[in-house]
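Worksheet for the structure shown next.
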Amino acid sequence: MEKLAFTMKIYPGQAAEYKKRHDEIWPELSNVLKDAGISDYSIFLDEETCVLFAVLYCESKQKVDALPSNPVVQKWWAFMAEIMQTNDDNSPVSKPLKQVFHLD
């Protein structure tokens with residue numbers, strides 16, 4: 001298993017809507033993520049800066065890297081684009097983070 005962490009950013013005033021949409025995550029999106037070998041996926045919010053911090057475990061980074069071509073993922077990105085910073089293809093602007101400490 002590999003642990004991945006990254007940041008994203010929502011627009012000010014969109015925290016409640018972001019949480020609501022994730023509380024009601026589409027079953028087909030959950031299935032796509034699980035089929036890609038993703039587990040223990042959490043997203044945290046810094047309410048002062050609107051920065052999201054995400055961490056997940058994956059079986060294969062190659063499978064995770066293939067997710068942007070999945071139509072369900074693309075549909076989710078389009079659904080989320082109005083409430084968060086996105087790239088031209090609606091993918092979230094994200095910044096991978098380097099792990100510098102781990103306590104087992």
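Each chain of the structure tokens is named A, B, ... in the order shown, its residues numbered from 1; ligands are numbered from 1 in display order.
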
Hey, what's within 7 Å of Leu52 in chain A if we count only C-alpha atoms and toss same-chain stuff fewer than 4 positions away? As a compact mmCIF listing (two decimals) with N, CA and C atoms, in the first residue's frame, please?
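Generated file (part33.txt):
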# COMPACT_ATOMS: atom_id res chain seq x y z
N THR A 7 -3.20 18.65 -1.45
CA THR A 7 -4.09 19.74 -1.08
C THR A 7 -4.91 20.16 -2.29
N MET A 8 -6.07 20.73 -1.99
CA MET A 8 -6.95 21.35 -2.97
C MET A 8 -7.52 22.59 -2.28
N LYS A 9 -8.35 23.34 -2.97
CA LYS A 9 -8.91 24.54 -2.35
C LYS A 9 -10.34 24.77 -2.82
N ILE A 43 -10.59 13.59 3.75
CA ILE A 43 -10.35 14.96 3.34
C ILE A 43 -10.65 15.85 4.55
N PHE A 44 -9.72 16.74 4.87
CA PHE A 44 -9.86 17.67 5.98
C PHE A 44 -9.88 19.09 5.43
N LEU A 45 -10.52 20.01 6.15
CA LEU A 45 -10.63 21.39 5.73
C LEU A 45 -10.02 22.34 6.75
N ASP A 46 -9.16 23.24 6.28
CA ASP A 46 -8.71 24.37 7.09
C ASP A 46 -9.70 25.50 6.79

Need to verify the contact set: Lys95 in chain A, 12 Å, only C-alpha atoms, exclusion of same-chain residues closer than 3 positions in sequence. Can you return it as a list in words?
Leu4, Ala5, Phe6, Thr7, Met8, Lys9, Val51, Leu52, Phe53, Ala54, Val55, Gln85, Thr86, Ser91, Pro92 and Lys98 of chain A

Proximity of range 77-103 of chain A to range 12-36 of chain A: per-residue shortest pair, 10 Å limit, only C-alpha atoms, as a Markdown table:
| residue | atom | partner | partner_atom | distance |
| --- | --- | --- | --- | --- |
| A:Phe79 | CA | A:Arg21 | CA | 9.2 |
| A:Met80 | CA | A:Tyr18 | CA | 8.0 |
| A:Glu82 | CA | A:Gln14 | CA | 9.4 |
| A:Ile83 | CA | A:Gln14 | CA | 5.9 |
| A:Met84 | CA | A:Gln14 | CA | 7.9 |

DSSP-assigned helix (DSSP H, G or I) among chain A, expressed as a PyMOL selection string
chain A and resi 15-23+27-35+61-65+67-69+71-83

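What separates CA of Ile10 in chain A from CA of Leu67 in chain A is a distance of 20.9 Å.
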
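The residue that comes closest to Lys75 in chain A, out of A:Glu2, A:Asp104, A:Lys61, A:Asn90 and on the basis of only C-alpha atoms, is A:Asn90.
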
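Atom pair CA of Glu48 in chain A / CA of Ala78 in chain A has a distance of 25.2 Å (rounded to one decimal).
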
List as a ChimeraX atom specification the protein and nucleic acid residues near Asp65 in chain A, meaning an atom at most 12 Å away when only C-alpha atoms are counted, but skip any in the same chain fewer than 5 places from it.
/A:4,33,36-38,58-60,70,73
